[in-house]
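Listing of final-v1.txt, compact mmCIF, C-alpha atoms and all ligand atoms
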```
# COMPACT_ATOMS: atom_id res chain seq x y z
CA MET A 1 101.07 96.34 66.10
CA LYS A 2 102.13 99.66 67.57
CA ALA A 3 104.17 99.70 70.78
CA ALA A 4 106.42 102.02 72.78
CA VAL A 5 109.83 100.37 72.95
CA VAL A 6 112.95 101.01 75.03
CA HIS A 7 116.10 100.14 73.08
CA ASP A 8 118.69 102.05 75.05
CA PHE A 9 118.61 103.45 78.61
CA THR A 10 120.09 106.74 77.45
CA LYS A 11 117.66 107.35 74.56
CA PRO A 12 113.96 108.22 74.28
CA LEU A 13 111.45 105.42 73.68
CA ARG A 14 110.52 104.65 70.07
CA VAL A 15 106.91 104.17 69.06
CA GLU A 16 107.17 101.54 66.33
CA ASP A 17 105.60 98.53 64.66
CA VAL A 18 106.44 95.20 66.28
CA PRO A 19 105.01 91.70 65.71
CA LYS A 20 101.71 91.03 67.43
CA PRO A 21 102.15 88.33 70.13
CA GLU A 22 100.55 84.88 69.89
CA PRO A 23 99.33 83.10 73.04
CA GLY A 24 101.36 80.07 74.16
CA LEU A 25 100.43 77.41 76.71
CA GLY A 26 98.56 79.04 79.62
CA GLU A 27 98.76 82.46 78.00
CA VAL A 28 96.27 84.99 76.68
CA VAL A 29 96.60 87.88 74.23
CA ILE A 30 94.80 91.04 75.28
CA LYS A 31 93.66 93.96 73.13
CA ILE A 32 94.79 96.82 75.34
CA GLU A 33 92.30 99.61 75.97
CA ALA A 34 94.15 101.68 78.58
CA SER A 35 97.69 101.55 79.99
CA GLY A 36 98.81 103.59 83.01
CA LEU A 37 102.22 105.25 83.13
CA CYS A 38 103.82 104.27 86.47
CA HIS A 39 107.02 105.97 87.58
CA THR A 40 108.52 102.47 87.53
CA ASP A 41 108.24 102.54 83.72
CA ILE A 42 110.45 105.62 83.79
CA HIS A 43 112.99 103.88 86.06
CA ALA A 44 112.89 100.91 83.65
CA ALA A 45 113.39 103.11 80.59
CA HIS A 46 116.39 104.80 82.23
CA GLY A 47 117.88 101.61 83.71
CA ASP A 48 117.82 103.30 87.13
CA TRP A 49 117.86 100.22 89.35
CA PRO A 50 120.54 97.67 90.31
CA VAL A 51 118.69 94.94 88.36
CA LYS A 52 118.21 96.01 84.73
CA PRO A 53 115.21 95.09 82.57
CA LYS A 54 115.46 93.15 79.31
CA LEU A 55 116.12 95.15 76.15
CA PRO A 56 114.38 95.84 73.89
CA LEU A 57 111.46 96.32 76.27
CA ILE A 58 107.82 97.32 75.98
CA PRO A 59 107.18 98.82 79.42
CA GLY A 60 103.82 99.10 81.21
CA HIS A 61 102.30 97.09 84.05
CA GLU A 62 98.93 98.83 84.32
CA GLY A 63 97.54 97.46 81.06
CA VAL A 64 93.79 96.85 80.92
CA GLY A 65 91.95 95.35 77.98
CA ILE A 66 89.83 92.60 76.49
CA VAL A 67 91.05 89.02 76.08
CA GLU A 68 91.26 88.48 72.33
CA SER A 69 92.67 84.96 72.15
CA VAL A 70 93.58 82.21 74.59
CA GLY A 71 96.32 79.60 74.39
CA GLN A 72 96.10 75.94 75.32
CA ALA A 73 95.09 74.96 78.86
CA VAL A 74 93.70 78.37 79.80
CA THR A 75 90.80 77.93 82.21
CA GLU A 76 90.90 81.18 84.20
CA VAL A 77 89.54 83.64 81.62
CA GLN A 78 87.76 83.59 78.27
CA GLU A 79 87.77 85.61 75.10
CA GLY A 80 85.86 88.85 75.70
CA ASP A 81 86.73 89.17 79.42
CA ARG A 82 88.15 92.48 80.62
CA VAL A 83 91.42 91.88 82.47
CA ALA A 84 94.32 93.81 83.99
CA VAL A 85 97.95 92.78 83.60
CA PRO A 86 99.88 93.64 86.76
CA TRP A 87 103.57 93.80 87.64
CA LEU A 88 103.42 90.24 88.99
CA GLY A 89 103.21 88.65 85.56
CA TYR A 90 104.12 85.16 86.70
CA ALA A 91 105.05 83.35 89.92
CA CYS A 92 105.87 79.68 90.44
CA GLY A 93 102.82 78.91 92.58
CA ALA A 94 104.71 76.32 94.61
CA CYS A 95 107.51 77.90 96.66
CA GLU A 96 107.17 78.84 100.35
CA TYR A 97 106.27 82.43 99.39
CA CYS A 98 103.65 81.48 96.81
CA ALA A 99 102.14 78.88 99.14
CA SER A 100 101.92 81.26 102.10
CA GLY A 101 100.21 84.23 100.44
CA TRP A 102 103.43 86.07 99.56
CA GLU A 103 103.59 85.36 95.84
CA THR A 104 104.99 88.89 95.42
CA LEU A 105 108.24 87.55 96.97
CA CYS A 106 108.50 84.49 94.70
CA GLU A 107 112.08 84.17 93.48
CA LYS A 108 110.93 82.77 90.15
CA GLN A 109 108.56 85.65 89.41
CA LEU A 110 108.54 87.45 86.07
CA ASN A 111 107.58 91.10 86.01
CA THR A 112 105.40 92.70 83.36
CA GLY A 113 106.98 95.64 81.58
CA TYR A 114 110.43 94.67 82.90
CA PHE A 115 111.31 91.04 82.08
CA LEU A 116 108.15 90.46 80.03
CA ASP A 117 106.83 92.93 77.45
CA GLY A 118 104.10 95.07 78.96
CA GLY A 119 101.03 97.13 78.28
CA HIS A 120 102.24 100.19 76.34
CA ALA A 121 101.16 98.50 73.11
CA GLU A 122 98.07 97.65 71.12
CA TYR A 123 98.25 94.03 72.28
CA SER A 124 99.91 92.33 75.20
CA LYS A 125 100.54 88.71 76.10
CA ALA A 126 100.09 87.53 79.68
CA PHE A 127 99.90 84.39 81.82
CA ALA A 128 96.19 83.75 82.37
CA LYS A 129 96.70 82.70 86.02
CA TYR A 130 98.18 86.10 86.91
CA VAL A 131 95.83 88.53 85.19
CA GLY A 132 93.26 90.34 87.33
CA ARG A 133 89.59 90.30 86.40
CA VAL A 134 88.19 93.80 86.10
CA PRO A 135 84.66 93.86 87.53
CA GLU A 136 81.71 95.25 85.57
CA GLY A 137 81.31 98.96 86.00
CA ILE A 138 84.97 99.89 86.44
CA HIS A 139 86.08 102.03 83.51
CA PRO A 140 89.41 100.98 81.91
CA PHE A 141 90.90 104.43 82.62
CA GLU A 142 90.26 103.80 86.32
CA ALA A 143 91.13 100.12 86.34
CA ALA A 144 94.57 100.86 84.86
CA PRO A 145 96.02 102.95 87.74
CA LEU A 146 94.48 100.56 90.28
CA THR A 147 96.48 97.72 88.72
CA CYS A 148 99.77 99.01 90.16
CA ALA A 149 99.35 102.32 92.02
CA GLY A 150 96.20 100.99 93.71
CA VAL A 151 97.29 97.52 94.67
CA THR A 152 100.74 98.69 95.80
CA THR A 153 99.49 101.32 98.20
CA TYR A 154 96.58 99.19 99.42
CA LYS A 155 99.15 96.54 100.37
CA ALA A 156 101.48 99.14 101.90
CA LEU A 157 98.64 100.32 104.12
CA LYS A 158 98.03 96.74 105.25
CA VAL A 159 101.74 96.33 105.96
CA SER A 160 101.77 99.57 107.98
CA GLY A 161 99.13 98.13 110.30
CA ALA A 162 97.28 101.48 110.26
CA ARG A 163 94.26 101.64 112.56
CA PRO A 164 91.50 104.14 113.24
CA SER A 165 92.89 106.91 115.49
CA ASP A 166 96.29 106.66 113.79
CA LEU A 167 97.94 109.50 111.94
CA VAL A 168 99.40 108.31 108.62
CA ALA A 169 101.80 110.50 106.65
CA VAL A 170 101.96 109.95 102.89
CA PHE A 171 105.14 111.33 101.31
CA GLY A 172 104.64 111.91 97.57
CA ILE A 173 101.15 112.57 96.19
CA GLY A 174 101.57 111.20 92.69
CA GLY A 175 100.02 108.13 91.11
CA LEU A 176 100.70 105.99 94.17
CA GLY A 177 100.30 108.62 96.89
CA HIS A 178 96.85 109.85 95.81
CA LEU A 179 95.55 106.33 96.33
CA ALA A 180 97.64 105.64 99.46
CA LEU A 181 95.95 108.50 101.25
CA GLN A 182 92.50 107.18 100.33
CA TYR A 183 93.30 103.71 101.66
CA ALA A 184 94.63 105.27 104.88
CA ARG A 185 91.30 107.04 105.31
CA ILE A 186 89.36 103.87 104.54
CA ALA A 187 91.41 102.24 107.35
CA GLY A 188 90.08 105.02 109.58
CA ALA A 189 93.33 106.97 109.99
CA ALA A 190 93.81 110.73 109.67
CA VAL A 191 96.19 111.70 106.88
CA VAL A 192 98.97 114.22 106.45
CA ALA A 193 100.07 114.55 102.82
CA VAL A 194 103.56 115.76 101.94
CA ASP A 195 104.72 116.86 98.48
CA LEU A 196 106.75 119.59 96.79
CA PHE A 197 103.90 121.04 94.70
CA ASP A 198 100.87 122.96 95.93
CA GLU A 199 98.63 121.48 93.20
CA LYS A 200 99.38 117.99 94.49
CA LEU A 201 98.56 119.09 98.03
CA LYS A 202 95.31 120.62 96.86
CA LEU A 203 94.42 117.29 95.26
CA ALA A 204 95.31 115.55 98.54
CA ARG A 205 92.90 117.83 100.44
CA ASP A 206 90.20 117.23 97.82
CA LEU A 207 90.65 113.51 98.39
CA GLY A 208 90.26 113.91 102.13
CA ALA A 209 93.73 114.51 103.62
CA GLU A 210 93.28 116.39 106.90
CA TYR A 211 96.70 118.06 106.78
CA THR A 212 99.18 118.97 104.08
CA VAL A 213 102.83 120.02 104.14
CA ASN A 214 104.78 121.49 101.24
CA ALA A 215 108.29 120.14 101.89
CA ARG A 216 109.83 122.98 99.87
CA GLU A 217 108.40 125.56 102.26
CA GLN A 218 108.12 123.78 105.58
CA ASP A 219 110.03 121.07 107.41
CA PRO A 220 107.75 118.02 107.32
CA VAL A 221 109.41 116.55 110.42
CA GLU A 222 108.64 119.62 112.49
CA GLU A 223 105.10 119.98 111.14
CA ILE A 224 104.21 116.32 111.64
CA LYS A 225 105.75 116.32 115.15
CA LYS A 226 103.48 119.27 115.97
CA LEU A 227 100.57 116.95 115.19
CA GLY A 228 101.98 114.39 117.65
CA GLY A 229 104.06 112.40 115.16
CA ALA A 230 102.96 109.81 112.61
CA ASP A 231 102.02 106.26 113.58
CA GLY A 232 102.69 105.22 110.00
CA VAL A 233 104.55 106.72 107.06
CA ILE A 234 104.02 105.56 103.48
CA ALA A 235 107.05 106.78 101.52
CA THR A 236 106.19 106.92 97.81
CA ALA A 237 108.30 109.96 96.89
CA VAL A 238 111.07 109.48 94.35
CA SER A 239 113.62 111.03 96.70
CA PRO A 240 115.73 109.51 99.50
CA ARG A 241 115.39 112.78 101.44
CA ALA A 242 111.64 112.14 101.81
CA PHE A 243 112.38 108.70 103.32
CA GLU A 244 114.68 110.31 105.92
CA GLN A 245 112.07 112.92 106.69
CA GLY A 246 109.48 110.16 106.96
CA PHE A 247 111.65 108.41 109.52
CA GLY A 248 112.02 111.64 111.48
CA SER A 249 108.25 112.21 111.47
CA LEU A 250 107.38 108.96 113.23
CA LYS A 251 106.24 108.75 116.78
CA ARG A 252 107.54 106.04 119.10
CA GLY A 253 106.54 102.57 117.92
CA GLY A 254 105.74 103.93 114.46
CA THR A 255 106.21 102.17 111.12
CA LEU A 256 107.95 103.52 108.04
CA VAL A 257 106.95 101.69 104.86
CA PHE A 258 109.38 101.99 101.95
CA VAL A 259 107.44 101.98 98.68
CA GLY A 260 109.10 104.49 96.34
CA LEU A 261 112.26 103.40 94.53
CA PRO A 262 114.45 106.42 93.85
CA LYS A 263 117.48 105.93 91.66
CA ASP A 264 119.70 107.00 94.57
CA ASN A 265 119.38 103.80 96.48
CA ALA A 266 120.42 104.66 100.04
CA ILE A 267 119.41 106.66 103.08
CA GLN A 268 120.98 107.13 106.49
CA LEU A 269 119.05 105.66 109.40
CA PRO A 270 120.24 106.32 112.94
CA ILE A 271 120.58 103.13 114.97
CA PHE A 272 120.15 104.74 118.38
CA GLU A 273 116.79 106.43 117.63
CA THR A 274 115.48 103.36 115.81
CA VAL A 275 116.19 101.20 118.85
CA LEU A 276 115.13 103.60 121.59
CA ASN A 277 111.94 104.57 119.79
CA GLY A 278 111.03 101.02 118.74
CA ILE A 279 110.70 102.01 115.09
CA HIS A 280 109.68 99.52 112.40
CA VAL A 281 111.07 99.93 108.89
CA VAL A 282 109.59 97.65 106.23
CA GLY A 283 109.68 97.37 102.46
CA SER A 284 106.47 96.70 100.56
CA ILE A 285 106.33 95.40 97.01
CA VAL A 286 103.14 95.59 94.90
CA GLY A 287 100.38 93.23 96.10
CA THR A 288 98.97 89.78 95.43
CA ARG A 289 96.15 88.81 93.10
CA VAL A 290 93.84 88.83 96.11
CA ASP A 291 94.94 92.35 97.06
CA LEU A 292 94.19 93.47 93.49
CA GLN A 293 90.72 91.94 93.62
CA GLU A 294 90.06 93.78 96.91
CA VAL A 295 91.23 97.05 95.34
CA PHE A 296 88.80 96.56 92.45
CA GLU A 297 85.98 95.71 94.89
CA LEU A 298 86.57 98.88 96.90
CA HIS A 299 86.52 100.94 93.73
CA ALA A 300 83.37 99.24 92.42
CA MET A 301 81.72 100.19 95.74
CA GLY A 302 82.57 103.85 95.08
CA ARG A 303 85.05 104.10 97.95
CA THR A 304 88.05 105.32 95.94
CA ARG A 305 88.60 107.91 93.26
CA VAL A 306 91.17 107.46 90.53
CA VAL A 307 92.49 110.78 89.30
CA HIS A 308 93.95 110.51 85.82
CA GLN A 309 94.56 112.31 82.57
CA GLU A 310 94.66 110.63 79.17
CA ARG A 311 97.50 110.74 76.67
CA ASN A 312 98.31 109.19 73.28
CA LEU A 313 101.02 106.58 73.11
CA GLU A 314 102.75 108.61 70.35
CA ASN A 315 103.53 111.18 73.05
CA VAL A 316 105.11 108.70 75.45
CA ASN A 317 108.34 110.70 75.83
CA GLU A 318 106.50 113.95 76.53
CA ALA A 319 104.33 112.09 79.04
CA ILE A 320 107.45 110.84 80.83
CA GLU A 321 108.77 114.40 81.03
CA GLU A 322 105.50 115.64 82.48
CA VAL A 323 105.64 113.02 85.23
CA GLU A 324 109.30 113.76 85.97
CA GLU A 325 108.55 117.45 86.29
CA GLY A 326 105.66 116.78 88.70
CA LYS A 327 103.19 118.43 86.30
CA VAL A 328 100.46 115.80 86.27
CA ASP A 329 97.44 115.26 88.47
CA ALA A 330 98.16 111.81 89.86
CA ARG A 331 98.27 109.37 86.92
CA LEU A 332 98.67 109.58 83.14
CA VAL A 333 96.94 106.80 81.22
CA PHE A 334 97.51 105.99 77.55
CA ASP A 335 94.25 105.72 75.65
CA MET A 336 94.73 102.69 73.41
CA GLY A 337 91.17 102.66 72.09
CA VAL A 338 88.70 102.86 74.95
CA LYS A 339 85.14 102.55 73.65
CA GLU A 340 83.04 103.71 76.63
CA PRO A 341 82.97 107.40 77.55
CA ALA A 342 84.82 108.13 80.82
CA ARG A 343 82.49 108.04 83.81
CA GLN A 344 81.92 111.07 86.00
CA PRO A 345 83.76 110.47 89.26
CA GLU A 346 81.43 109.42 92.04
CA GLY A 347 81.55 107.97 95.50
CA VAL A 348 81.92 109.11 99.05
CA LEU A 349 85.28 110.77 98.59
CA THR A 350 83.92 113.11 95.94
CA GLN A 351 81.36 114.52 98.32
CA GLU A 352 83.91 115.01 101.06
CA ALA A 353 86.10 116.81 98.59
CA GLU A 354 83.73 119.76 98.77
CA GLU A 355 84.48 120.39 102.42
CA PRO A 356 87.40 122.69 103.18
CA SER A 357 89.95 121.05 105.41
CA GLU A 358 92.35 122.23 108.01
CA GLN A 359 96.02 122.72 107.26
CA PRO A 360 98.88 122.91 109.67
CA THR A 361 100.65 126.21 109.89
CA GLY A 362 102.66 125.64 108.60
CA GLU A 363 116.15 92.30 96.85
CA VAL A 364 116.31 93.50 94.10
CA GLY A 365 118.03 90.12 93.61
CA GLU A 366 119.48 88.16 90.78
CA HIS A 367 118.35 88.79 87.24
CA ARG A 368 114.68 87.78 87.09
CA GLY A 369 114.40 87.95 90.86
CA PRO A 370 111.72 90.04 92.48
CA VAL A 371 111.97 93.70 91.70
CA PRO A 372 109.36 96.28 92.45
CA GLY A 373 106.54 97.60 90.35
P1 LIG B 401 104.87 109.86 90.69
O1 LIG B 401 105.93 110.56 89.94
O2 LIG B 401 103.48 109.82 90.15
O3 LIG B 401 104.78 110.45 92.18
C1 LIG B 401 105.89 110.79 92.97
C2 LIG B 401 105.50 112.00 93.81
O4 LIG B 401 106.55 112.27 94.75
C3 LIG B 401 105.29 113.27 93.00
O5 LIG B 401 104.05 113.84 93.31
C4 LIG B 401 106.44 114.17 93.43
O6 LIG B 401 106.11 115.55 93.39
C5 LIG B 401 106.67 113.67 94.85
N1 LIG B 401 107.99 113.99 95.42
C6 LIG B 401 109.20 113.98 94.81
N2 LIG B 401 110.17 114.33 95.68
C7 LIG B 401 109.55 114.55 96.86
C8 LIG B 401 110.01 114.94 98.15
N3 LIG B 401 111.31 115.17 98.39
N4 LIG B 401 109.11 115.09 99.15
C9 LIG B 401 107.79 114.86 98.92
N5 LIG B 401 107.31 114.49 97.72
C10 LIG B 401 108.17 114.34 96.71
O7 LIG B 401 105.40 108.36 90.89
P2 LIG B 401 104.56 107.02 91.26
O8 LIG B 401 104.14 106.37 90.00
O9 LIG B 401 103.59 107.34 92.30
O10 LIG B 401 105.74 106.10 91.85
C11 LIG B 401 106.45 106.51 92.99
C12 LIG B 401 107.61 105.57 93.27
O11 LIG B 401 107.11 104.31 93.70
C13 LIG B 401 108.52 105.28 92.09
O12 LIG B 401 109.88 105.25 92.52
C14 LIG B 401 108.08 103.90 91.63
O13 LIG B 401 109.09 103.19 90.97
C15 LIG B 401 107.77 103.28 92.97
N6 LIG B 401 106.87 102.13 92.92
C16 LIG B 401 107.06 101.16 93.85
C17 LIG B 401 106.20 100.07 93.90
C18 LIG B 401 106.38 99.02 94.94
O14 LIG B 401 105.83 97.93 94.76
N7 LIG B 401 107.08 99.26 96.01
C19 LIG B 401 105.15 99.98 92.99
C20 LIG B 401 104.97 101.03 92.08
C21 LIG B 401 105.83 102.10 92.05
ZN ZN B 402 106.92 81.00 94.02
ZN ZN B 403 103.97 100.47 89.00
```

With the file now loaded, output its structure as structure tokens.
Ligand code: NAD
Ligand code: ZN
Ligand code: ZN
Amino acid sequence: MKAAVVHDFTKPLRVEDVPKPEPGLGEVVIKIEASGLCHTDIHAAHGDWPVKPKLPLIPGHEGVGIVESVGQAVTEVQEGDRVAVPWLGYACGACEYCASGWETLCEKQLNTGYFLDGGHAEYSKAFAKYVGRVPEGIHPFEAAPLTCAGVTTYKALKVSGARPSDLVAVFGIGGLGHLALQYARIAGAAVVAVDLFDEKLKLARDLGAEYTVNAREQDPVEEIKKLGGADGVIATAVSPRAFEQGFGSLKRGGTLVFVGLPKDNAIQLPIFETVLNGIHVVGSIVGTRVDLQEVFELHAMGRTRVVHQERNLENVNEAIEEVEEGKVDARLVFDMGVKEPARQPEGVLTQEAEEPSEQPTGEVGEHRGPVPG
């Protein structure tokens, strides 16, 4: 089968023929239809993080497709089901984290497209207990970005504790950020979107953001303070500077959620202001199987819009460049043989997109431990 493979962190990926996987005990093999390109795949391909992935590696943790064969003792899904293979490829199911609804913190977890081969291939193998079921009516091109970008930002919003009447700032309007802002609005909050590119800010306004700030032209801290300060900040930008600005934008008692994972792995946080202002800083890593099901339900109800463009797997290296240069509208998805025509976007957010909106003036632990998607 054809797959995009990382052999060396300093070299481009190679699209090559590799053996098709066979399902083992509790496993399924999926014929991939669509596979989203998360910025994490780029970090994996470059070996950006303190914990390195296996090599050779087939990246991809937004793979969606049809179960082609099942191994022994699989009861969760059947041949012919449409499933999604998320970052949380396996967890032990028994530790204190797994048993208390925090399987994303399981120390025995295995991550798809990092320690397990992932979705940028014609077929992918997965543990049946950890695949997500894609409901009827969700197109594979939309299901794919929801499988990481969606579930991660949905969870981050939950972690932020955002409420109606809050102002939530989303730093970085890429694959993750374009969904983060929609979940913030579903929670009832007003949104200020921050990015470096005007096209991304236009997309944010189309998706309902009340305010936008181009951080190349304006100081986000100053602009967000003019609005009264943010109750919550979701930092998805691939830049430590954005995390510092996010911190500076908070109002007293506010919460900064770390989601993005820039290669430069440190920021400076002032102790005095954190204490005096009662600031919360929290990391948020993907989401559970239940979070993913909720994300799919919201989308099936027409409450979110997934903005994506399709690419061929042969062009994986060009696609990576496009994402790195900030040239894409939200998410790129590899078309691995989708049969249905893409659906016209619909749902409440599309209608609202017509209205013009106001703008301001302006551990990663031991090898095989939990690392982020
Ligand atoms: P992306 O490239 O699609 O989006 C990043 C966005 O940040 C782009 O729009 C870019 O223009 C913007 N940006 C860059 N520098 C900025 C700055 N200084 N200020 C404001 N905006 C800036 O990437 P993505 O797929 O959305 O992923 C974002 C990050 O989240 C990556 O580091 C990825 O590894 C990480 N991630 C984390 C989790 C998790 O569970 N915590 C899950 C998935 C991805
Ligand atoms: Zn566990
Ligand atoms: Zn991801």

Provide the CA of Gly326 (chain A) to CA of Val295 (chain A) distance in Å, to one decimal place.
25.3 Å

Residues at most 9 Å from region 59-68 of chain A, counting all atoms listed in the file, excluding those fewer than 4 positions away in the same chain, as a PyMOL selection string?
chain A and resi 4-6+28-38+40-42+44-45+77-89+111-114+116-121+123-124+134+140-141+143-149+333+338+373

Taking all atoms listed in the file and a cut-off of 10 Å, can you tell me which residues surround ligand ZN 402 (chain B), written as a list in words?
Tyr90, Ala91, Cys92, Gly93, Ala94, Cys95, Glu96, Tyr97, Cys98, Ala99, Ser100, Gly101, Trp102, Glu103, Thr104, Leu105, Cys106, Glu107, Lys108 and Gln109 of chain A

Write as a PyMOL selection string the residues around ligand LIG 401 (chain B), taking 6 Å as the cut-off and counting only C-alpha atoms and all ligand atoms.
chain A and resi 38-40+148-149+152+171-177+194-196+215+236-239+241-242+259-262+284-286+323+326+330+372-373

Selected residues written out, C-alpha atoms, as an mmCIF file, in the coordinates of the input:
```
data_model
loop_
_atom_site.group_PDB
_atom_site.id
_atom_site.type_symbol
_atom_site.label_atom_id
_atom_site.label_comp_id
_atom_site.auth_asym_id
_atom_site.auth_seq_id
_atom_site.Cartn_x
_atom_site.Cartn_y
_atom_site.Cartn_z
ATOM 1 C CA CYS A 38 103.820 104.270 86.470
ATOM 2 C CA HIS A 39 107.020 105.970 87.580
ATOM 3 C CA THR A 40 108.520 102.470 87.530
ATOM 4 C CA CYS A 148 99.770 99.010 90.160
ATOM 5 C CA ALA A 149 99.350 102.320 92.020
ATOM 6 C CA THR A 152 100.740 98.690 95.800
ATOM 7 C CA PHE A 171 105.140 111.330 101.310
ATOM 8 C CA GLY A 172 104.640 111.910 97.570
ATOM 9 C CA ILE A 173 101.150 112.570 96.190
ATOM 10 C CA GLY A 174 101.570 111.200 92.690
ATOM 11 C CA GLY A 175 100.020 108.130 91.110
ATOM 12 C CA LEU A 176 100.700 105.990 94.170
ATOM 13 C CA GLY A 177 100.300 108.620 96.890
ATOM 14 C CA VAL A 194 103.560 115.760 101.940
ATOM 15 C CA ASP A 195 104.720 116.860 98.480
ATOM 16 C CA LEU A 196 106.750 119.590 96.790
ATOM 17 C CA ALA A 215 108.290 120.140 101.890
ATOM 18 C CA THR A 236 106.190 106.920 97.810
ATOM 19 C CA ALA A 237 108.300 109.960 96.890
ATOM 20 C CA VAL A 238 111.070 109.480 94.350
ATOM 21 C CA SER A 239 113.620 111.030 96.700
ATOM 22 C CA ARG A 241 115.390 112.780 101.440
ATOM 23 C CA ALA A 242 111.640 112.140 101.810
ATOM 24 C CA VAL A 259 107.440 101.980 98.680
ATOM 25 C CA GLY A 260 109.100 104.490 96.340
ATOM 26 C CA LEU A 261 112.260 103.400 94.530
ATOM 27 C CA PRO A 262 114.450 106.420 93.850
ATOM 28 C CA SER A 284 106.470 96.700 100.560
ATOM 29 C CA ILE A 285 106.330 95.400 97.010
ATOM 30 C CA VAL A 286 103.140 95.590 94.900
ATOM 31 C CA VAL A 323 105.640 113.020 85.230
ATOM 32 C CA GLY A 326 105.660 116.780 88.700
ATOM 33 C CA ALA A 330 98.160 111.810 89.860
ATOM 34 C CA PRO A 372 109.360 96.280 92.450
ATOM 35 C CA GLY A 373 106.540 97.600 90.350
#
```

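Between CA of Ala128 (chain A) and CA of Glu27 (chain A) the interatomic distance comes to 5.2 Å.
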
I'd like the contact shell of Gln268 (chain A) - 12 Å cut-off, all atoms listed in the file, skipping same-chain residues fewer than 5 positions apart - returned as a JSON list (two decimals) with C-alpha atoms, in the frame of the given file.
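File result06.json, as written:
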```
[["chain", "number", "residue", "atom", "x", "y", "z"],
["A", 240, "PRO", "CA", 115.73, 109.51, 99.50],
["A", 241, "ARG", "CA", 115.39, 112.78, 101.44],
["A", 242, "ALA", "CA", 111.64, 112.14, 101.81],
["A", 243, "PHE", "CA", 112.38, 108.70, 103.32],
["A", 244, "GLU", "CA", 114.68, 110.31, 105.92],
["A", 245, "GLN", "CA", 112.07, 112.92, 106.69],
["A", 246, "GLY", "CA", 109.48, 110.16, 106.96],
["A", 247, "PHE", "CA", 111.65, 108.41, 109.52],
["A", 248, "GLY", "CA", 112.02, 111.64, 111.48],
["A", 273, "GLU", "CA", 116.79, 106.43, 117.63],
["A", 274, "THR", "CA", 115.48, 103.36, 115.81]]
```

Using only C-alpha atoms for the distances, tell me which of A:Arg133, A:Arg311, A:Lys263, A:Lys327 is nearest to Trp49 (chain A).
A:Lys263

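Interatomic distance, CA of Glu314 (chain A) to CA of His46 (chain A): 18.5 Å.
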
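With only C-alpha atoms and all ligand atoms as the atoms that count, the residue of A:Thr10, A:Gln182, A:Thr153, A:Thr75 with the shortest distance to ligand ZN 403 (chain B) is A:Thr153.
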
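Across A:Gln218, A:His139, A:Ile271, A:Gly150, the tightest approach to ligand ZN 403 (chain B) is made by A:Gly150 when counting only C-alpha atoms and all ligand atoms.
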
Nearest to Asn315 (chain A) among A:Ile58, A:Val213, A:Leu332, A:Ala180, with distances taken over all atoms listed in the file: which residue is it?
A:Leu332

Which is closer to His280 (chain A) than all the others in A:Leu203, A:Val159, A:Val131, A:Leu13, using all atoms listed in the file?
A:Val159

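Nearest to ligand ZN 403 (chain B) of all the residues A:Val290, A:Met301, A:Val151, A:Ala156 is A:Val151, counting all atoms listed in the file.
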
Local residues around (102.3, 107.0, 105.4), at most 7 Å away, using only C-alpha atoms, as a compact mmCIF listing (two decimals) with C-alpha atoms, keeping the file's coordinate frame:
```txt
# COMPACT_ATOMS: atom_id res chain seq x y z
CA VAL A 168 99.40 108.31 108.62
CA ALA A 169 101.80 110.50 106.65
CA VAL A 170 101.96 109.95 102.89
CA PHE A 171 105.14 111.33 101.31
CA GLY A 232 102.69 105.22 110.00
CA VAL A 233 104.55 106.72 107.06
CA ILE A 234 104.02 105.56 103.48
CA ALA A 235 107.05 106.78 101.52
```

Show me the residues around (93.4, 105.7, 117.4) - criterion: an atom at most 12 Å away, all atoms listed in the file counted - as a short mmCIF file (atom, residue, chain, number, x, y, z; two decimals) with C-alpha atoms, keeping the file's coordinate frame.
```cif
data_model
loop_
_atom_site.label_atom_id
_atom_site.label_comp_id
_atom_site.auth_asym_id
_atom_site.auth_seq_id
_atom_site.Cartn_x
_atom_site.Cartn_y
_atom_site.Cartn_z
CA GLY A 161 99.13 98.13 110.30
CA ALA A 162 97.28 101.48 110.26
CA ARG A 163 94.26 101.64 112.56
CA PRO A 164 91.50 104.14 113.24
CA SER A 165 92.89 106.91 115.49
CA ASP A 166 96.29 106.66 113.79
CA LEU A 167 97.94 109.50 111.94
CA VAL A 168 99.40 108.31 108.62
CA ALA A 187 91.41 102.24 107.35
CA GLY A 188 90.08 105.02 109.58
CA ALA A 189 93.33 106.97 109.99
CA ALA A 190 93.81 110.73 109.67
CA ALA A 230 102.96 109.81 112.61
CA ASP A 231 102.02 106.26 113.58
CA GLY A 232 102.69 105.22 110.00
#
```

Rebuild region 102-106 of chain A to N, CA and C atoms - output it as a PDB file, in the frame of the given file, please.
```pdb
ATOM      1  N   TRP A 102     102.430  85.031  99.877  1.00  0.00           N
ATOM      2  CA  TRP A 102     103.430  86.070  99.560  1.00  0.00           C
ATOM      3  C   TRP A 102     104.032  85.851  98.181  1.00  0.00           C
ATOM      4  N   GLU A 103     103.132  85.591  97.217  1.00  0.00           N
ATOM      5  CA  GLU A 103     103.590  85.360  95.840  1.00  0.00           C
ATOM      6  C   GLU A 103     104.413  86.526  95.300  1.00  0.00           C
ATOM      7  N   THR A 104     104.225  87.714  95.865  1.00  0.00           N
ATOM      8  CA  THR A 104     104.990  88.890  95.420  1.00  0.00           C
ATOM      9  C   THR A 104     106.478  88.758  95.780  1.00  0.00           C
ATOM     10  N   LEU A 105     106.821  87.771  96.628  1.00  0.00           N
ATOM     11  CA  LEU A 105     108.240  87.550  96.970  1.00  0.00           C
ATOM     12  C   LEU A 105     108.821  86.342  96.244  1.00  0.00           C
ATOM     13  N   CYS A 106     108.037  85.695  95.411  1.00  0.00           N
ATOM     14  CA  CYS A 106     108.500  84.490  94.700  1.00  0.00           C
ATOM     15  C   CYS A 106     109.804  84.790  93.953  1.00  0.00           C
TER      16      CYS A 106
END
```
